[in-house]
Amino acid sequence: MTTLRIGIIGGGAWGTALGHLAARAGCETLLWARDPAVVDAINERSENPRRLAGCQLDPALRATNRVADACAADAVLLVVPAQQVRAVATELSERVAPDTPVVCCAKGIEMATGLMMSEVLATASPGTMAGCLSGPTFAAEAVAGTPTAATLALPDPDRARQVADALASRYFRPYISTDVIGAETGGAVKNVLAIACGIAMSRGFGENTRAALITRGLAEATRLAVALGGQAGTLAGLAGLGDVSLSCVSRQSRNYRFGEALGRGETVADAERNAGGVVEGRHTAAAVVLRARQAGSDAPICEAVDRVVNRGKDLDRAIADLLGRPLRSEHGGEPPA
């Protein structure tokens, strides 16, 4: 087993969970959080009642409000909302050593630019070895010891293996990949698909509809990943099929609950306010559509969600338009004659 110093940037639910997992795996782990109350709760009681109420954390996990201290690590896990990654990465750029892997754990695409998180890191912190950790991972279950697996992608396979070995434990299995773009695409698109599935189930459409949305949505994610230089096989793995399946069937997903609320007739503002945290899929929907258009990749489900959550389109009209699209071959192109 490899022992590393791990810095965690972000004191939300998943950042705290990753800190717990790293500490339990034997890593010297320091978590940075902006909120002094979170820092104190972790250091004094090994808990984060604001984000993971009732979850007992590994006592070896320590927290700080000094970002430079968390950056003095062998690997840094960046666990902040996707739309905050640029600002935080800029702050880290002078504090993280050039050869230190920075693994982004946010699942989204930057709204203003359509860039993936690794691409944001490359522009905000040039020279950074940017990676991605993505997969079917609910934070509370991971802390509770539920067997959990994820994709850890870095461009250097040796460094990917080193970080994965350090984080691995009996209950957490990071699988290694060099396809950073593919893993990021799956993690971003799944949040949009979770909204679509929440809407569908709330409207009473049933499991046939959910299965169709998962399957055709995964096809959208795969097309986009390949168009951006990723590998189709990555989307058949944990960062694609695994994450899509989890988020599209469980009410633990904020994006799914947000979609349910929209399906019940709540306004976008009310649904987002009641979701219990950041609804990444709402912001990501517009960015997915932007990037898909730039890449010439068809993304009808993501476009429908974007029109509803960001552009005020009537939900019933959006559903009718999606179902009324021309028939086509399942694997692309025009239907056979």
# chains A, B, ... in the order shown; residues from 1 in each chain; ligands from 1
>>> residues_around(residues="Ala124 of chain A", least_positions_apart="3", cutoff="12 Å", atoms="only C-alpha atoms", output="PyMOL selection string")
chain A and resi 84-94+115+117-121+127-128+130
>>> write_last_selection(atoms="C-alpha atoms", output="compact mmCIF listing (two decimals), in the first residue's frame")
# COMPACT_ATOMS: atom_id res chain seq x y z
CA GLN A 84 -16.18 27.58 -8.45
CA VAL A 85 -13.29 25.49 -9.77
CA ARG A 86 -11.67 28.29 -11.78
CA ALA A 87 -11.53 30.71 -8.85
CA VAL A 88 -10.23 28.08 -6.43
CA ALA A 89 -7.73 26.68 -8.95
CA THR A 90 -6.34 30.17 -9.48
CA GLU A 91 -5.91 30.49 -5.74
CA LEU A 92 -4.10 27.15 -5.63
CA SER A 93 -1.83 27.77 -8.59
CA GLU A 94 0.94 29.38 -6.53
CA LEU A 115 -14.73 23.75 -20.63
CA MET A 117 -12.82 20.81 -15.24
CA SER A 118 -9.39 19.55 -16.34
CA GLU A 119 -9.42 22.18 -19.08
CA VAL A 120 -10.34 24.86 -16.54
CA LEU A 121 -7.42 23.72 -14.37
CA GLY A 127 1.41 23.18 -15.79
CA THR A 128 -0.86 21.40 -13.32
CA ALA A 130 -4.98 17.67 -13.84
>>> residues_around(residues="Arg307 of chain A", least_positions_apart="4", cutoff="12 Å", atoms="only C-alpha atoms", output="compact mmCIF listing (two decimals) with N, CA and C atoms, in the first residue's frame")
# COMPACT_ATOMS: atom_id res chain seq x y z
N VAL A 192 -27.44 16.06 -15.52
CA VAL A 192 -28.53 16.53 -16.37
C VAL A 192 -29.55 15.42 -16.58
N ALA A 196 -33.73 14.92 -15.75
CA ALA A 196 -34.72 14.40 -16.69
C ALA A 196 -35.48 13.22 -16.10
N VAL A 268 -38.53 26.67 -10.97
CA VAL A 268 -37.11 26.32 -10.93
C VAL A 268 -36.46 26.87 -9.67
N ARG A 282 -28.38 21.72 -13.16
CA ARG A 282 -29.03 22.89 -13.74
C ARG A 282 -28.01 23.74 -14.48
N HIS A 283 -26.88 23.99 -13.84
CA HIS A 283 -25.85 24.81 -14.47
C HIS A 283 -25.18 24.06 -15.62
N ALA A 285 -26.41 21.80 -17.58
CA ALA A 285 -27.23 21.58 -18.77
C ALA A 285 -26.89 22.56 -19.88
N ALA A 286 -26.81 23.83 -19.54
CA ALA A 286 -26.48 24.84 -20.55
C ALA A 286 -25.08 24.64 -21.09
N VAL A 289 -24.91 21.65 -23.53
CA VAL A 289 -25.46 22.02 -24.84
C VAL A 289 -24.46 22.86 -25.62
N PRO A 300 -30.10 15.73 -27.51
CA PRO A 300 -31.49 16.19 -27.38
C PRO A 300 -32.05 16.18 -25.97
N ILE A 301 -31.68 15.21 -25.15
CA ILE A 301 -32.21 15.17 -23.79
C ILE A 301 -31.64 16.33 -22.99
N CYS A 302 -30.35 16.55 -23.09
CA CYS A 302 -29.73 17.68 -22.38
C CYS A 302 -30.29 19.01 -22.87
N GLU A 303 -30.55 19.11 -24.16
CA GLU A 303 -31.14 20.34 -24.70
C GLU A 303 -32.53 20.57 -24.13
N ARG A 311 -34.22 28.29 -19.64
CA ARG A 311 -34.77 29.16 -20.67
C ARG A 311 -36.28 29.31 -20.61
N GLY A 312 -36.88 28.77 -19.55
CA GLY A 312 -38.30 29.02 -19.29
C GLY A 312 -39.27 28.28 -20.19
N LYS A 313 -38.84 27.24 -20.87
CA LYS A 313 -39.76 26.52 -21.75
C LYS A 313 -40.78 25.74 -20.94
N ASP A 314 -42.00 25.68 -21.42
CA ASP A 314 -43.06 24.92 -20.77
C ASP A 314 -42.68 23.44 -20.75
N LEU A 315 -42.83 22.80 -19.60
CA LEU A 315 -42.40 21.41 -19.42
C LEU A 315 -43.14 20.47 -20.36
N ASP A 316 -44.46 20.61 -20.46
CA ASP A 316 -45.23 19.72 -21.33
C ASP A 316 -44.81 19.88 -22.79
N ARG A 317 -44.53 21.12 -23.20
CA ARG A 317 -44.11 21.36 -24.58
C ARG A 317 -42.75 20.73 -24.83
N ALA A 318 -41.85 20.83 -23.85
CA ALA A 318 -40.52 20.24 -24.00
C ALA A 318 -40.60 18.72 -24.13
N ILE A 319 -41.47 18.11 -23.32
CA ILE A 319 -41.64 16.65 -23.40
C ILE A 319 -42.19 16.25 -24.76
N ASP A 321 -41.99 17.84 -27.61
CA ASP A 321 -41.00 18.05 -28.65
C ASP A 321 -39.95 16.94 -28.65
N LEU A 322 -39.55 16.50 -27.45
CA LEU A 322 -38.55 15.43 -27.36
C LEU A 322 -39.10 14.13 -27.93
>>> closest_atom_pairs(of="segment 251-270 of chain A", to="segment 198-207 of chain A", cutoff="9 Å", atoms="only C-alpha atoms", output="JSON lines")
{"residue": "A:Arg251", "atom": "CA", "partner": "A:Gly198", "partner_atom": "CA", "distance": 8.5}
{"residue": "A:Asn255", "atom": "CA", "partner": "A:Gly198", "partner_atom": "CA", "distance": 7.7}
{"residue": "A:Tyr256", "atom": "CA", "partner": "A:Gly198", "partner_atom": "CA", "distance": 4.5}
{"residue": "A:Arg257", "atom": "CA", "partner": "A:Gly198", "partner_atom": "CA", "distance": 6.2}
{"residue": "A:Phe258", "atom": "CA", "partner": "A:Gly198", "partner_atom": "CA", "distance": 7.1}
{"residue": "A:Gly259", "atom": "CA", "partner": "A:Gly198", "partner_atom": "CA", "distance": 4.2}
{"residue": "A:Glu260", "atom": "CA", "partner": "A:Gly198", "partner_atom": "CA", "distance": 4.3}
{"residue": "A:Ala261", "atom": "CA", "partner": "A:Ile199", "partner_atom": "CA", "distance": 7.4}
{"residue": "A:Leu262", "atom": "CA", "partner": "A:Ile199", "partner_atom": "CA", "distance": 6.2}
{"residue": "A:Gly263", "atom": "CA", "partner": "A:Ile199", "partner_atom": "CA", "distance": 4.5}
{"residue": "A:Arg264", "atom": "CA", "partner": "A:Ser202", "partner_atom": "CA", "distance": 6.2}
>>> closest_atom_pairs(of="segment 132-186 of chain A", to="segment 210-226 of chain A", cutoff="8 Å", atoms="only C-alpha atoms", output="CSV")
residue,atom,partner,partner_atom,distance
A:Ile181,CA,A:Ala225,CA,6.7
A:Gly182,CA,A:Ala225,CA,5.1
A:Thr185,CA,A:Ala225,CA,5.7
A:Gly186,CA,A:Ala221,CA,6.0
>>> residues_around(residues="Thr100 of chain A", least_positions_apart="6", cutoff="7 Å", atoms="only C-alpha atoms", output="short mmCIF file (atom, residue, chain, number, x, y, z; two decimals) with all heavy atoms, in the first residue's frame")
data_model
loop_
_atom_site.label_atom_id
_atom_site.label_comp_id
_atom_site.auth_asym_id
_atom_site.auth_seq_id
_atom_site.Cartn_x
_atom_site.Cartn_y
_atom_site.Cartn_z
N ASP A 74 1.22 15.39 -1.42
CA ASP A 74 1.68 14.62 -2.57
C ASP A 74 0.61 14.55 -3.66
O ASP A 74 0.93 14.32 -4.82
CB ASP A 74 2.03 13.19 -2.13
CG ASP A 74 3.14 13.17 -1.10
OD1 ASP A 74 4.20 13.79 -1.36
OD2 ASP A 74 2.96 12.56 -0.03
N ALA A 75 -0.64 14.74 -3.27
CA ALA A 75 -1.75 14.81 -4.23
C ALA A 75 -2.85 15.66 -3.61
O ALA A 75 -3.08 15.60 -2.39
CB ALA A 75 -2.29 13.41 -4.56
N MET A 129 -0.80 18.96 -13.27
CA MET A 129 -1.19 17.63 -13.72
C MET A 129 -2.63 17.40 -13.29
O MET A 129 -2.90 17.03 -12.15
CB MET A 129 -0.27 16.56 -13.13
CG MET A 129 -0.60 15.14 -13.64
SD MET A 129 0.28 13.84 -12.76
CE MET A 129 1.96 14.21 -13.25
#
>>> closest_atom_pairs(of="segment 92-185 of chain A", to="segment 9-29 of chain A", cutoff="10 Å", atoms="only C-alpha atoms", output="tab-separated table")
residue	atom	partner	partner_atom	distance
A:Leu92	CA	A:Ile9	CA	9.5
A:Cys104	CA	A:Ile9	CA	9.6
A:Cys105	CA	A:Gly15	CA	8.3
A:Ala106	CA	A:Trp14	CA	9.3
A:Thr137	CA	A:Trp14	CA	8.4
A:Phe138	CA	A:Trp14	CA	7.7
A:Ala139	CA	A:Trp14	CA	5.1
A:Ala140	CA	A:Ala17	CA	7.2
A:Glu141	CA	A:Ala17	CA	9.0
A:Ala142	CA	A:Ala17	CA	6.7
A:Val143	CA	A:Ala17	CA	5.7
A:Ala144	CA	A:Ala17	CA	9.4
A:Gly145	CA	A:Leu21	CA	9.1
A:Asp165	CA	A:Ala25	CA	9.1
A:Ala166	CA	A:Cys27	CA	6.7
A:Leu167	CA	A:Ala22	CA	5.2
A:Ala168	CA	A:Ala25	CA	6.2
A:Ser169	CA	A:Ala25	CA	5.4
A:Arg170	CA	A:Ala25	CA	8.5
A:Tyr171	CA	A:Leu21	CA	8.8
A:Phe172	CA	A:Leu21	CA	7.4
>>> residues_around(residues="Val180 of chain A", least_positions_apart="4", cutoff="8 Å", atoms="only C-alpha atoms", output="PDB file with C-alpha atoms, in the first residue's frame")
ATOM      1  CA  SER A 118      -9.390  19.547 -16.342  1.00  0.00           C
ATOM      2  CA  GLY A 131      -7.024  14.562 -13.192  1.00  0.00           C
ATOM      3  CA  CYS A 132     -10.531  13.470 -12.351  1.00  0.00           C
ATOM      4  CA  ALA A 153      -8.166   9.335 -14.202  1.00  0.00           C
ATOM      5  CA  LEU A 154      -4.789  11.013 -14.654  1.00  0.00           C
ATOM      6  CA  PRO A 155      -2.808  11.428 -17.891  1.00  0.00           C
ATOM      7  CA  GLU A 184     -15.368  14.049 -16.793  1.00  0.00           C
ATOM      8  CA  GLY A 230     -12.424  10.617 -24.957  1.00  0.00           C
TER       9      GLY A 230
END
>>> atom_distance(atom1="atom CA of Arg159 of chain A", atom2="atom CA of Ile6 of chain A")
13.5 Å
>>> residues_around(residues="Ala150 of chain A", least_positions_apart="3", cutoff="7 Å", atoms="only C-alpha atoms", output="list in words")
Leu133, Ser134, Gly135, Pro136, Arg173, Pro174, Tyr175, Leu238 and Ala239 of chain A
>>> write_last_selection(atoms="C-alpha atoms", output="short mmCIF file (atom, residue, chain, number, x, y, z; two decimals), in the first residue's frame")
data_model
loop_
_atom_site.label_atom_id
_atom_site.label_comp_id
_atom_site.auth_asym_id
_atom_site.auth_seq_id
_atom_site.Cartn_x
_atom_site.Cartn_y
_atom_site.Cartn_z
CA LEU A 133 -12.25 11.27 -9.78
CA SER A 134 -15.76 10.30 -10.82
CA GLY A 135 -18.25 7.50 -10.36
CA PRO A 136 -21.32 6.31 -8.44
CA ARG A 173 -11.82 0.85 -4.89
CA PRO A 174 -10.49 3.49 -7.29
CA TYR A 175 -10.12 2.03 -10.81
CA LEU A 238 -18.05 3.59 -13.41
CA ALA A 239 -17.76 7.21 -14.55
#
>>> atom_distance(atom1="atom CA of Val79 of chain A", atom2="atom CA of Thr146 of chain A")
20.5 Å
>>> residues_around(residues="Arg62 of chain A", least_positions_apart="5", cutoff="7 Å", atoms="only C-alpha atoms", output="PyMOL selection string")
chain A and resi 29-31+42-43
>>> write_last_selection(atoms="C-alpha atoms", output="mmCIF file, in the first residue's frame")
data_model
loop_
_atom_site.group_PDB
_atom_site.id
_atom_site.type_symbol
_atom_site.label_atom_id
_atom_site.label_comp_id
_atom_site.auth_asym_id
_atom_site.auth_seq_id
_atom_site.Cartn_x
_atom_site.Cartn_y
_atom_site.Cartn_z
ATOM 1 C CA THR A 29 -4.894 13.785 5.283
ATOM 2 C CA LEU A 30 -5.604 17.479 5.739
ATOM 3 C CA LEU A 31 -8.911 19.028 4.639
ATOM 4 C CA ILE A 42 -13.847 17.822 12.230
ATOM 5 C CA ASN A 43 -10.905 18.501 14.531
#
>>> select_by_dssp(residues="segment 127-274 of chain A", states="strand (DSSP E or B)", output="PyMOL selection string")
chain A and resi 129-134+148-153+172-177
>>> select_by_dssp(residues="segment 273-315 of chain A", states="helix (DSSP H, G or I)", output="ChimeraX atom specification")
/A:273,280-295,300-309,315
>>> closest_residue(among="A:Gly7, A:Pro157, A:Pro101, A:Gly281", to="Cys197 of chain A", atoms="only C-alpha atoms")
A:Gly281
>>> closest_residue(among="A:Thr178, A:Val80, A:Pro49, A:Asp40", to="Leu61 of chain A", atoms="only C-alpha atoms")
A:Asp40
>>> atom_distance(atom1="atom CA of Ser329 of chain A", atom2="atom CA of Gln231 of chain A")
21.3 Å
>>> residues_around(residues="Lys107 of chain A", least_positions_apart="6", cutoff="7 Å", atoms="only C-alpha atoms", output="list in words")
Ala82, Glu184, Gly187 and Ala188 of chain A
>>> write_last_selection(atoms="N, CA and C atoms", output="PDB file, in the first residue's frame")
ATOM      1  N   ALA A  82     -18.557  22.844  -9.412  1.00  0.00           N
ATOM      2  CA  ALA A  82     -17.915  23.016 -10.713  1.00  0.00           C
ATOM      3  C   ALA A  82     -17.739  24.480 -11.103  1.00  0.00           C
ATOM      4  N   GLU A 184     -14.722  12.777 -17.122  1.00  0.00           N
ATOM      5  CA  GLU A 184     -15.368  14.049 -16.793  1.00  0.00           C
ATOM      6  C   GLU A 184     -16.705  14.193 -17.516  1.00  0.00           C
ATOM      7  N   GLY A 187     -19.437  12.189 -15.755  1.00  0.00           N
ATOM      8  CA  GLY A 187     -19.838  12.806 -14.499  1.00  0.00           C
ATOM      9  C   GLY A 187     -20.654  14.061 -14.678  1.00  0.00           C
ATOM     10  N   ALA A 188     -20.384  14.811 -15.747  1.00  0.00           N
ATOM     11  CA  ALA A 188     -21.133  16.045 -15.992  1.00  0.00           C
ATOM     12  C   ALA A 188     -22.526  15.755 -16.534  1.00  0.00           C
TER      13      ALA A 188
END
